[in-house]
Number of protein chains: 6
Amino acid sequence: MEKIQDVADRIRTLEVKGARKVAIAAVEALQVLAKETQAKSRQEFLDELSEARETLFASRPTEPFMRNAVRFIIKEVDSSDKKKVGDLAKIVSSSSHEFLSNLEASRNRIAEIGAKRIRDGMVVFTHCHSSTVTHLLRKARQDGKTFEVICTETRPVFQGRITAKEMLDLGVKTTFIVDSAARSFMKKADVAIVGADVITSEGSIINKIGTATIALIASEARVPFYVASELLKFDPATLWGEYEIIEERSEDEVWTDAPEKLAVKNPAFEVTKRHFVHGLICEEGIIPPHLIIEVIQRKYPWIFQLE
Amino acid sequence: MEKIQDVADRIRTLEVKGARKVAIAAVEALQVLAKETQAKSRQEFLDELSEARETLFASRPTEPFMRNAVRFIIKEVDSSDKKKVGDLAKIVSSSSHEFLSNLEASRNRIAEIGAKRIRDGMVVFTHCHSSTVTHLLRKARQDGKTFEVICTETRPVFQGRITAKEMLDLGVKTTFIVDSAARSFMKKADVAIVGADVITSEGSIINKIGTATIALIASEARVPFYVASELLKFDPATLWGEYEIIEERSEDEVWTDAPEKLAVKNPAFEVTKRHFVHGLICEEGIIPPHLIIEVIQRKYPWIFQLE
Amino acid sequence: MEKIQDVADRIRTLEVKGARKVAIAAVEALQVLAKETQAKSRQEFLDELSEARETLFASRPTEPFMRNAVRFIIKEVDSSDKKKVGDLAKIVSSSSHEFLSNLEASRNRIAEIGAKRIRDGMVVFTHCHSSTVTHLLRKARQDGKTFEVICTETRPVFQGRITAKEMLDLGVKTTFIVDSAARSFMKKADVAIVGADVITSEGSIINKIGTATIALIASEARVPFYVASELLKFDPATLWGEYEIIEERSEDEVWTDAPEKLAVKNPAFEVTKRHFVHGLICEEGIIPPHLIIEVIQRKYPWIFQLE
Amino acid sequence: MEKIQDVADRIRTLEVKGARKVAIAAVEALQVLAKETQAKSRQEFLDELSEARETLFASRPTEPFMRNAVRFIIKEVDSSDKKKVGDLAKIVSSSSHEFLSNLEASRNRIAEIGAKRIRDGMVVFTHCHSSTVTHLLRKARQDGKTFEVICTETRPVFQGRITAKEMLDLGVKTTFIVDSAARSFMKKADVAIVGADVITSEGSIINKIGTATIALIASEARVPFYVASELLKFDPATLWGEYEIIEERSEDEVWTDAPEKLAVKNPAFEVTKRHFVHGLICEEGIIPPHLIIEVIQRKYPWIFQLE
Amino acid sequence: MEKIQDVADRIRTLEVKGARKVAIAAVEALQVLAKETQAKSRQEFLDELSEARETLFASRPTEPFMRNAVRFIIKEVDSSDKKKVGDLAKIVSSSSHEFLSNLEASRNRIAEIGAKRIRDGMVVFTHCHSSTVTHLLRKARQDGKTFEVICTETRPVFQGRITAKEMLDLGVKTTFIVDSAARSFMKKADVAIVGADVITSEGSIINKIGTATIALIASEARVPFYVASELLKFDPATLWGEYEIIEERSEDEVWTDAPEKLAVKNPAFEVTKRHFVHGLICEEGIIPPHLIIEVIQRKYPWIFQLE
Amino acid sequence: MEKIQDVADRIRTLEVKGARKVAIAAVEALQVLAKETQAKSRQEFLDELSEARETLFASRPTEPFMRNAVRFIIKEVDSSDKKKVGDLAKIVSSSSHEFLSNLEASRNRIAEIGAKRIRDGMVVFTHCHSSTVTHLLRKARQDGKTFEVICTETRPVFQGRITAKEMLDLGVKTTFIVDSAARSFMKKADVAIVGADVITSEGSIINKIGTATIALIASEARVPFYVASELLKFDPATLWGEYEIIEERSEDEVWTDAPEKLAVKNPAFEVTKRHFVHGLICEEGIIPPHLIIEVIQRKYPWIFQLE
């Protein structure tokens, strides 16, 4: 349980961050817990898992990817009829591996599907850095497609620079602009693709601040706007009415020596409504974001059943 | 003529910049020219002025404010029937003073008119730094209005920080955000006000990069979007079909150590269509931007007559 | 069967009205029929139920809530393999109870889910009176939320006054306006929530006249527009192409002493297209209205199977 | 001056109301003042007029029609070079007559121009009661046009009933609806025409509450929306930044026995932006509302020159 | 296998064209193959079918209707546990019949459902010729509905003329216009209905060039736009990222003696986004196009499982 | 007067058509009338001119260009103080020449101004054939600009083919499409430019059927839409409420052997609202179409003064 507490602390303090990394850290903590458990009975072990879940869930207001990972593993244990703690611990281990390898498979599937949408000569507009999106573009390059990328710098912490470097490494012609220049450059784009941090039951996408503006601008210029994301970014709590709480980050990221009385606001994310999303490129194919809960229902029904 | 050349050089190298400062520098150079002229006849003096105009006009692709200043002074000389060079030089001097004092009067008039639109409790959204806008807000404070301001940092050179400081100095509660957060904060605003660098015959506004996005976002959220600007920012050449050339600034402003192959694009301005502008707050009152050439026709008809 | 006829008559003459009350009256009539039946055989009893259904369905062009109630009870009887009339009558009774208690549970679930969307300081815009919506707002108050309500009077019969009174009773600060003032007040709202009388297969919402205008106005001002409704307001006949017939009420509601030749039109309801609905808050969670037939398919599949 | 004070009081207490009636009352008061003046000199008389103007202007926050009437008469006196009080008083009298007869001429001109836009078989949508609009429709009938009218009841004080009666008297087939049914009926309309209380320098129209909603609904359904109004409804103060203050009327008009704590809001007017107005039908023809200040400049330049 | 090759050739050369006719030809070719097969074992027969599938699929880039027909028949054979080739051949025969009769049933079902949406007095706008749409309108006539049709000529090959003739034969009052007149006539329409060639996973509709313009124009005028189509026009490959390739037809269809250097472009189809489609009228009812993959999942799950 | 009658007949029967050609024919007829007049006095001559005007105006419901030509010539005669018929006849002759040479000058001015808006690499979308537009594009070629053109065939009489040929003759790369393909090709365009037949007081443009659709499509794709037209296409009667009557041409142009009962509608023109027009390129520069009456007021004030 110490490992769980430790990981939860590192998540809370943002030492571990990024939806995917947080999920992996939690999965690994559960593996350690299973390996080191002192539980005497199935019930005792289940109680430990339950406590671990609560500790991990409490670490950050919303981290649906991590929560879904924990849900999956506990569901696997829960639904087995094994009695021995050792056997149950093995299920933690095997389901952890299963989760992580499915994660990898999903990302590859998304890349494969999305890469088909990139055609020779296209100009792709993107914002921030999403490993899912850059994976998709890498696949398109591997498939021999020739295309250009326009990417924003993505203030305040310039993740766009990472995207730009990755694109140059792939040999992609890349144009780099300040965030506020997006409307001036959108007309040159054939498609916009961004990632997602959370997907809600209404089909809204929560992603890096600036995404909703890009979506609006793309819509105004009739440029199709796609979101590439694993389905497990879906947060089932939104179905039951919960809001995603938008993380407010440090003022220092924006202005280190800001005047004292100035209210520097630094929300990390924002909501883009389903209306703006032409398609969600996920491991199940390209779907309207409206369908998210139906597709989850078919693919990951356990998401709705626990907690 | 040396002074003229010198000022033109300083404008060309961006040593002097900002529509207002460039205009003042040109006016002052003409004053020097008039004071030091060696011209022997009216015609000779007029030729000198004409040469000065060409030199100044050639210094930067578009600086309508400066060009209109030069046009005004030359028009005054041209339309006088004085014969003596000394008398004509005096006209340069007097019309220079007239121009500069009108400039000041216009700014005050705009502040006075615009300040009436600020009501207690309002939240004003602005972008970049415009002395016309901050003058207007200062007037509103002097009139005893209590309001808040949301301002963007305005990458790449953070002019929003100047705006923020000026607002804090006025005792205005100020919220400061990255440019890409504009859509997340627009719903809190009651009005958006920005300045202008150029106004075209179609009623489009050319202003700092990002302005057109703010306008689009304001329009989407039903927030009235105003432009506060002196009428002399109007460029008559646009009536005759000329495009404003958008200045492309140094890559270094955006990313000092950008990867070599990266195409960093740094346009300083962008065009906002008249459709997005609820009203142009100018020295002649609050008008639809569609009317710009009619109002100029009444107030500054000489703008169309020379060149 | 007399009871059935009697209830059908009272529905026809609008003596009983309101989707929920009509449904309850029909359920109770079926209970009486089951209690007093003289049927000799299963078949005879089924025929009686069938006749009752036809009588009830014929009472008003569209009352999907009532129709779905009748469908549910008959389906329960139909699918049992009991032979004795007494046993079947008991099924009518038990399924009636089940239906009514599910109804209550759905409403509570909707209140619970929707209340989470009400945040402190919010201004909620509503139209007409919907017990589902006021139940939701009551729950939000019980959860300790502080919010304001703007409600329209809802001509011609001023149901908005009921809403206003209920809100004041909850201690909610309430603003009351004429219907046509909605656009002037929408900018102050953070969210709009209304109820529904019918939901169609396309995801359109049929609700009190004026609803579609509120939806349009909310959309224009970027205010999220939610519909709170039990899924059983869905009318399966719309899937098969039927139109909902909009009830035309008495002219007297609008103008008691209208000039003779004047064509006073008084449609009670109107259609709001799915495009305007950010989310449908139903007992299954907050969903895009586009999904209605899929969610019904999972939750109440029998709706599609009978008739 | 007593008469002036008396009229000002009656305007203040809403005893006299309606743009046109208020203007006429003020003109008549000036006529009385001129008739009964005890002034000994031109200057004394001018001072009296000036005082009268201030008294009348102070009676209600905005009544541009009345203010323009007063401006006209004083301008006429002011610009004459007569010295004798008697002669000046005659100018008050003659210019009063001129103003009132021009008023009548303008209304007829608007009717004549607008009636041409009514074609056989058309359905005209209108809101509230505007004598300018009904005059226009009467002219269309006199020209032998056959058309229908849809009119809203216009809560809270049902001016739509006056419109309905006038239309029936003209033998026009008329449909009468509650305000909130406008969107359900707009698709049947070929054109929407409303009046105006005030026109601003930006080309916005201030008219009865509900007008902006009708405009939005017409725009959504591609139904041309026209405003029929005398140019003298223009308020020159809006050019200099003033807001029109929207009159808030008694709660009793909305709900006579409203619960005590309820905030009943009853704004009489609202602003419709120029964007929604296809054309302003005025005495100078059918013009885009954007042009209002230019057309005034040509037709009534004195509006801008005094005060 | 010769028959297969022959049919594939005729599809490739456009000798056989039209989604429905291509599908029927392929089904019939499979029937011949099954009748004449020389296969010795189940496996050999399955291999033959597999080869046939590849040959047929390769005949034209996208023909989802035909592909789905082939998928259905092979799935039926595949999932049977019969061993004898004769028995399997019978399954080809029976499933072919089943497919074709389902096709007919679907079309009738669509006509029945859609006809309910046609009300007396309606004006229906349509484009090109779709047998599904004209079947629907025929049913409406048979149901005794009186309505009008506006149809476009549909350049370059004037399929609108076929529609016009069919409508006149039904005794329907028909207005015929050039394609570019659509916006001038849309306001007279109460509903627009078109067919489809392909439906994608995002809910987009691919249909005759001009359809997307009709959809845009209908949307602008608030005219509901419906698509009538069998669900089997859905192309499962779009779910996995494939684009539909838009067929480019001969220049001669547009201009037989075009100047040599002129680039005459003649795409046969274009994409209409789901946003513009009020409802998809299919054999499963009237659904939002967003739901296509869910409804297919329930009705034809085998579409996703093979290939 | 015979000549006048003859020209009027040829206009009526469409023997002479095209705004410019009709205007020139009328001007030439007036020249003949002036040459052959038998009038004995100024008054008699003025009466003849007056009769000629009525005859010419009656020839076609709306031909503003021709009407403005006639107005100009008669105004010139009218405002001279000559008494002798011979002198007045000379004025007809000289003003005719003036009108025709101004016409030429205007077209050249439009070409010069508009050509500046064509930049290297641009794709220009156009519809129908407008000599003003092709003149503008020719000037751009002469100025050394390299650009492409997309043009529609423009059913029913394929004027787009004339445009295509003229563009190819200029060495411009040209793409030719059917009218209904406009939305599929608009995204490739950088600007759309069309001509005009009539301009109204509201700033609406009346041009070849299909223009309003192109405008809508351009607006949707954020492609600036310009109208190139001489100001004298303005019809002053629209200011006074007149509608332009849209000419309905022969059915045979659309379908020579159409079924008897078919209502083939063939309106030659349609109205494009000012909202869609980014700029009107006229001899006075590039202006918002909203300003048309103000610019006419300055340039051709006599248009409003006669009739």
# chains A, B, ... in the order shown; residues from 1 in each chain; ligands from 1
call {"tool": "residues_around", "arguments": {"residues": "Phe72 in chain D", "least_positions_apart": "4", "cutoff": "10 Å", "atoms": "only C-alpha atoms", "output": "list in words"}}
result
Val27, Met66, Arg67, Asn68, Glu76, Val77, Asp78, Val92, Ser95, Ser96, Glu98, Phe99, Tyr300, Trp302, Ile303 and Leu306 of chain D
call {"tool": "write_last_selection", "arguments": {"atoms": "all heavy atoms", "output": "short mmCIF file (atom, residue, chain, number, x, y, z; two decimals), in the first residue's frame"}}
result
data_model
loop_
_atom_site.label_atom_id
_atom_site.label_comp_id
_atom_site.auth_asym_id
_atom_site.auth_seq_id
_atom_site.Cartn_x
_atom_site.Cartn_y
_atom_site.Cartn_z
N VAL D 27 -43.70 70.14 -29.18
CA VAL D 27 -43.83 71.19 -30.20
C VAL D 27 -44.93 72.17 -29.80
O VAL D 27 -44.76 73.40 -29.86
CB VAL D 27 -44.11 70.56 -31.58
CG1 VAL D 27 -44.55 71.62 -32.59
CG2 VAL D 27 -42.86 69.82 -32.08
N MET D 66 -38.77 63.61 -29.99
CA MET D 66 -39.10 64.89 -29.36
C MET D 66 -37.88 65.82 -29.36
O MET D 66 -37.98 67.00 -29.70
CB MET D 66 -39.57 64.62 -27.92
CG MET D 66 -39.85 65.86 -27.11
SD MET D 66 -38.40 66.35 -26.10
CE MET D 66 -38.64 65.31 -24.65
N ARG D 67 -36.74 65.29 -29.01
CA ARG D 67 -35.54 66.12 -28.96
C ARG D 67 -35.21 66.70 -30.34
O ARG D 67 -34.81 67.86 -30.45
CB ARG D 67 -34.36 65.30 -28.47
CG ARG D 67 -34.49 64.94 -27.00
CD ARG D 67 -33.37 64.03 -26.53
NE ARG D 67 -33.50 63.82 -25.09
CZ ARG D 67 -32.50 63.93 -24.23
NH1 ARG D 67 -31.28 64.18 -24.67
NH2 ARG D 67 -32.71 63.77 -22.94
N ASN D 68 -35.39 65.87 -31.36
CA ASN D 68 -35.12 66.37 -32.71
C ASN D 68 -36.11 67.46 -33.10
O ASN D 68 -35.75 68.42 -33.80
CB ASN D 68 -35.13 65.23 -33.72
CG ASN D 68 -33.91 64.33 -33.54
OD1 ASN D 68 -32.87 64.77 -33.08
ND2 ASN D 68 -34.04 63.05 -33.90
N GLU D 76 -34.10 76.85 -36.16
CA GLU D 76 -34.73 77.80 -37.08
C GLU D 76 -34.68 79.21 -36.50
O GLU D 76 -34.39 80.17 -37.22
CB GLU D 76 -36.19 77.40 -37.35
CG GLU D 76 -36.33 76.15 -38.19
CD GLU D 76 -35.90 76.38 -39.64
OE1 GLU D 76 -36.57 77.15 -40.35
OE2 GLU D 76 -34.86 75.79 -40.06
N VAL D 77 -34.99 79.34 -35.23
CA VAL D 77 -34.95 80.64 -34.57
C VAL D 77 -33.53 81.17 -34.55
O VAL D 77 -33.25 82.31 -34.93
CB VAL D 77 -35.50 80.52 -33.12
CG1 VAL D 77 -35.35 81.86 -32.39
CG2 VAL D 77 -36.95 80.06 -33.15
N ASP D 78 -32.66 80.31 -34.11
CA ASP D 78 -31.24 80.64 -33.95
C ASP D 78 -30.61 81.17 -35.24
O ASP D 78 -29.79 82.07 -35.21
CB ASP D 78 -30.51 79.34 -33.56
CG ASP D 78 -29.61 79.56 -32.38
OD1 ASP D 78 -30.07 80.21 -31.41
OD2 ASP D 78 -28.46 79.09 -32.41
N VAL D 92 -41.00 80.36 -34.38
CA VAL D 92 -41.36 79.17 -33.59
C VAL D 92 -42.64 78.57 -34.15
O VAL D 92 -42.75 77.36 -34.40
CB VAL D 92 -41.54 79.50 -32.10
CG1 VAL D 92 -42.19 78.31 -31.35
CG2 VAL D 92 -40.20 79.85 -31.46
N SER D 95 -42.07 77.20 -37.81
CA SER D 95 -41.23 76.00 -37.87
C SER D 95 -41.93 74.83 -37.17
O SER D 95 -41.73 73.67 -37.54
CB SER D 95 -39.84 76.26 -37.26
OG SER D 95 -39.97 76.65 -35.91
N SER D 96 -42.78 75.12 -36.18
CA SER D 96 -43.58 74.05 -35.56
C SER D 96 -44.50 73.44 -36.60
O SER D 96 -44.59 72.22 -36.74
CB SER D 96 -44.43 74.61 -34.41
OG SER D 96 -43.60 75.06 -33.37
N GLU D 98 -44.11 73.54 -39.74
CA GLU D 98 -43.29 72.86 -40.74
C GLU D 98 -42.89 71.47 -40.24
O GLU D 98 -42.99 70.48 -40.95
CB GLU D 98 -42.03 73.69 -41.02
CG GLU D 98 -41.25 73.18 -42.21
CD GLU D 98 -39.94 73.95 -42.39
OE1 GLU D 98 -39.83 75.09 -41.88
OE2 GLU D 98 -39.03 73.39 -43.01
N PHE D 99 -42.49 71.43 -38.97
CA PHE D 99 -42.07 70.14 -38.43
C PHE D 99 -43.22 69.14 -38.46
O PHE D 99 -43.06 68.00 -38.90
CB PHE D 99 -41.56 70.31 -36.99
CG PHE D 99 -40.99 69.03 -36.44
CD1 PHE D 99 -39.66 68.71 -36.68
CD2 PHE D 99 -41.76 68.13 -35.73
CE1 PHE D 99 -39.11 67.52 -36.21
CE2 PHE D 99 -41.23 66.94 -35.26
CZ PHE D 99 -39.91 66.64 -35.50
N TYR D 300 -31.07 66.02 -42.73
CA TYR D 300 -31.30 66.81 -41.52
C TYR D 300 -29.97 67.14 -40.83
O TYR D 300 -29.77 66.79 -39.66
CB TYR D 300 -32.18 66.03 -40.53
CG TYR D 300 -33.48 65.50 -41.10
CD1 TYR D 300 -33.72 64.14 -41.20
CD2 TYR D 300 -34.50 66.38 -41.50
CE1 TYR D 300 -34.92 63.64 -41.70
CE2 TYR D 300 -35.70 65.89 -42.01
CZ TYR D 300 -35.91 64.53 -42.11
OH TYR D 300 -37.08 64.05 -42.60
N TRP D 302 -28.78 69.61 -39.40
CA TRP D 302 -28.87 70.38 -38.15
C TRP D 302 -28.94 69.48 -36.92
O TRP D 302 -28.66 69.92 -35.80
CB TRP D 302 -30.08 71.31 -38.20
CG TRP D 302 -31.34 70.64 -38.68
CD1 TRP D 302 -31.80 70.60 -39.97
CD2 TRP D 302 -32.26 69.88 -37.90
NE1 TRP D 302 -32.96 69.87 -40.04
CE2 TRP D 302 -33.27 69.43 -38.79
CE3 TRP D 302 -32.35 69.55 -36.54
CZ2 TRP D 302 -34.34 68.65 -38.36
CZ3 TRP D 302 -33.42 68.78 -36.11
CH2 TRP D 302 -34.41 68.33 -37.02
N ILE D 303 -29.34 68.23 -37.11
CA ILE D 303 -29.40 67.31 -35.96
C ILE D 303 -28.07 67.23 -35.23
O ILE D 303 -27.99 67.11 -34.02
CB ILE D 303 -29.82 65.90 -36.43
CG1 ILE D 303 -31.34 65.78 -36.43
CG2 ILE D 303 -29.22 64.84 -35.53
CD1 ILE D 303 -31.83 64.36 -36.60
N LEU D 306 -26.47 71.14 -33.17
CA LEU D 306 -26.86 71.87 -31.95
C LEU D 306 -26.62 71.07 -30.67
O LEU D 306 -26.08 69.99 -30.68
CB LEU D 306 -28.32 72.27 -32.05
CG LEU D 306 -28.59 73.56 -32.84
CD1 LEU D 306 -30.07 73.75 -33.02
CD2 LEU D 306 -27.98 74.75 -32.08
#
call {"tool": "closest_atom_pairs", "arguments": {"of": "chain A", "to": "chain E", "cutoff": "7 Å", "atoms": "only C-alpha atoms", "output": "tab-separated table"}}
result
residue	atom	partner	partner_atom	distance
A:Ile113	CA	E:Gly241	CA	4.6
A:Gly114	CA	E:Gly241	CA	5.9
A:Lys116	CA	E:Gly241	CA	5.4
A:Arg117	CA	E:Gly241	CA	6.1
A:Gly279	CA	E:Glu202	CA	6.3
A:Gly285	CA	E:Leu239	CA	4.7
A:Ile286	CA	E:Leu239	CA	5.1
A:Ile287	CA	E:Glu202	CA	5.2
A:Pro288	CA	E:Glu202	CA	5.2
call {"tool": "write_last_selection", "arguments": {"atoms": "N, CA and C atoms", "output": "PDB file, in the first residue's frame"}}
result
ATOM      1  N   ILE A 113      -5.441   3.686 -38.821  1.00  0.00           N
ATOM      2  CA  ILE A 113      -6.703   4.200 -39.371  1.00  0.00           C
ATOM      3  C   ILE A 113      -6.540   5.651 -39.812  1.00  0.00           C
ATOM      4  N   GLY A 114      -5.988   6.454 -38.912  1.00  0.00           N
ATOM      5  CA  GLY A 114      -5.879   7.882 -39.203  1.00  0.00           C
ATOM      6  C   GLY A 114      -4.937   8.168 -40.359  1.00  0.00           C
ATOM      7  N   LYS A 116      -4.608   6.720 -43.010  1.00  0.00           N
ATOM      8  CA  LYS A 116      -5.292   6.604 -44.306  1.00  0.00           C
ATOM      9  C   LYS A 116      -5.942   7.921 -44.713  1.00  0.00           C
ATOM     10  N   ARG A 117      -6.242   8.745 -43.722  1.00  0.00           N
ATOM     11  CA  ARG A 117      -6.878  10.028 -44.030  1.00  0.00           C
ATOM     12  C   ARG A 117      -5.894  11.100 -44.495  1.00  0.00           C
ATOM     13  N   GLY A 279     -14.807  13.955 -36.729  1.00  0.00           N
ATOM     14  CA  GLY A 279     -14.711  12.539 -36.434  1.00  0.00           C
ATOM     15  C   GLY A 279     -13.740  12.292 -35.305  1.00  0.00           C
ATOM     16  N   GLY A 285     -12.249   2.735 -34.944  1.00  0.00           N
ATOM     17  CA  GLY A 285     -12.500   3.344 -36.246  1.00  0.00           C
ATOM     18  C   GLY A 285     -12.780   4.829 -36.139  1.00  0.00           C
ATOM     19  N   ILE A 286     -13.239   5.422 -37.221  1.00  0.00           N
ATOM     20  CA  ILE A 286     -13.562   6.851 -37.226  1.00  0.00           C
ATOM     21  C   ILE A 286     -15.052   6.994 -36.975  1.00  0.00           C
ATOM     22  N   ILE A 287     -15.396   7.594 -35.849  1.00  0.00           N
ATOM     23  CA  ILE A 287     -16.797   7.666 -35.447  1.00  0.00           C
ATOM     24  C   ILE A 287     -17.199   9.106 -35.133  1.00  0.00           C
ATOM     25  N   PRO A 288     -18.492   9.407 -35.237  1.00  0.00           N
ATOM     26  CA  PRO A 288     -18.936  10.709 -34.740  1.00  0.00           C
ATOM     27  C   PRO A 288     -18.765  10.724 -33.212  1.00  0.00           C
TER      28      PRO A 288
END
call {"tool": "residues_around", "arguments": {"residues": "Arg60 in chain A", "least_positions_apart": "3", "cutoff": "9 Å", "atoms": "only C-alpha atoms", "output": "MDAnalysis selection string"}}
result
chainID A and resid 8 11:12 56:57 63
call {"tool": "closest_residue", "arguments": {"among": "B:Ser130, B:Ser219, B:Gln159, B:Gln43", "to": "Val194 in chain B", "atoms": "only C-alpha atoms"}}
result
B:Ser130
call {"tool": "select_by_dssp", "arguments": {"residues": "range 15-189 of chain C", "states": "helix (DSSP H, G or I)", "output": "PyMOL selection string"}}
result
chain C and resi 19-36+42-57+64-78+85-115+131-142+159-169+179-186
call {"tool": "select_by_dssp", "arguments": {"residues": "range 38-275 of chain B", "states": "strand (DSSP E)", "output": "number ranges by chain"}}
result
B: 123-126, 148-152, 173-177, 191-194, 198-199, 205-208, 225-228, 263-264, 269-272
call {"tool": "residues_around", "arguments": {"residues": "range 211-218 of chain A", "least_positions_apart": "3", "cutoff": "6 Å", "atoms": "only C-alpha atoms", "output": "PyMOL selection string"}}
result
chain A and resi 183+208+221+223+272+276
call {"tool": "atom_distance", "arguments": {"atom1": "CA of Lys165 in chain D", "atom2": "CA of Glu148 in chain D"}}
result
13.3 Å
call {"tool": "residues_around", "arguments": {"residues": "Ile245 in chain C", "least_positions_apart": "2", "cutoff": "8 Å", "atoms": "only C-alpha atoms", "output": "VMD selection string"}}
result
chain C and resid 61 to 62 243 247
call {"tool": "residues_around", "arguments": {"residues": "Lys84 in chain C", "least_positions_apart": "6", "cutoff": "12 Å", "atoms": "only C-alpha atoms", "output": "compact mmCIF listing (two decimals) with N, CA, C and O atoms, in the first residue's frame"}}
result
# COMPACT_ATOMS: atom_id res chain seq x y z
N ALA C 39 -63.16 -12.01 -17.53
CA ALA C 39 -62.61 -12.88 -18.56
C ALA C 39 -62.51 -14.32 -18.06
O ALA C 39 -62.17 -14.57 -16.91
N LYS C 40 -62.78 -15.26 -18.98
CA LYS C 40 -62.82 -16.69 -18.64
C LYS C 40 -61.50 -17.38 -18.97
O LYS C 40 -61.26 -18.49 -18.51
N SER C 41 -60.74 -16.77 -19.86
CA SER C 41 -59.52 -17.46 -20.30
C SER C 41 -58.41 -16.44 -20.53
O SER C 41 -58.68 -15.24 -20.65
N ARG C 42 -57.22 -16.94 -20.61
CA ARG C 42 -56.06 -16.09 -20.94
C ARG C 42 -56.35 -15.28 -22.19
O ARG C 42 -56.16 -14.06 -22.22
N GLN C 43 -56.85 -15.97 -23.22
CA GLN C 43 -57.09 -15.27 -24.49
C GLN C 43 -58.10 -14.14 -24.32
O GLN C 43 -57.91 -13.03 -24.83
N GLU C 44 -59.17 -14.47 -23.58
CA GLU C 44 -60.20 -13.45 -23.37
C GLU C 44 -59.61 -12.22 -22.64
O GLU C 44 -59.91 -11.08 -22.98
N PHE C 45 -58.78 -12.52 -21.66
CA PHE C 45 -58.18 -11.42 -20.89
C PHE C 45 -57.25 -10.59 -21.79
O PHE C 45 -57.26 -9.36 -21.76
N LEU C 46 -56.45 -11.29 -22.60
CA LEU C 46 -55.55 -10.58 -23.51
C LEU C 46 -56.35 -9.72 -24.49
O LEU C 46 -55.95 -8.59 -24.83
N VAL C 77 -47.66 -9.00 -19.30
CA VAL C 77 -48.69 -10.05 -19.31
C VAL C 77 -48.43 -11.02 -20.45
O VAL C 77 -48.40 -12.24 -20.28
N LYS C 90 -52.83 -10.42 -11.70
CA LYS C 90 -51.79 -10.03 -10.73
C LYS C 90 -50.58 -9.41 -11.43
O LYS C 90 -49.93 -8.52 -10.90
N ILE C 91 -50.31 -9.92 -12.62
CA ILE C 91 -49.18 -9.34 -13.37
C ILE C 91 -49.48 -7.89 -13.75
O ILE C 91 -48.60 -7.02 -13.69
call {"tool": "atom_distance", "arguments": {"atom1": "CA of Arg107 in chain B", "atom2": "CA of Ser79 in chain B"}}
result
27.0 Å
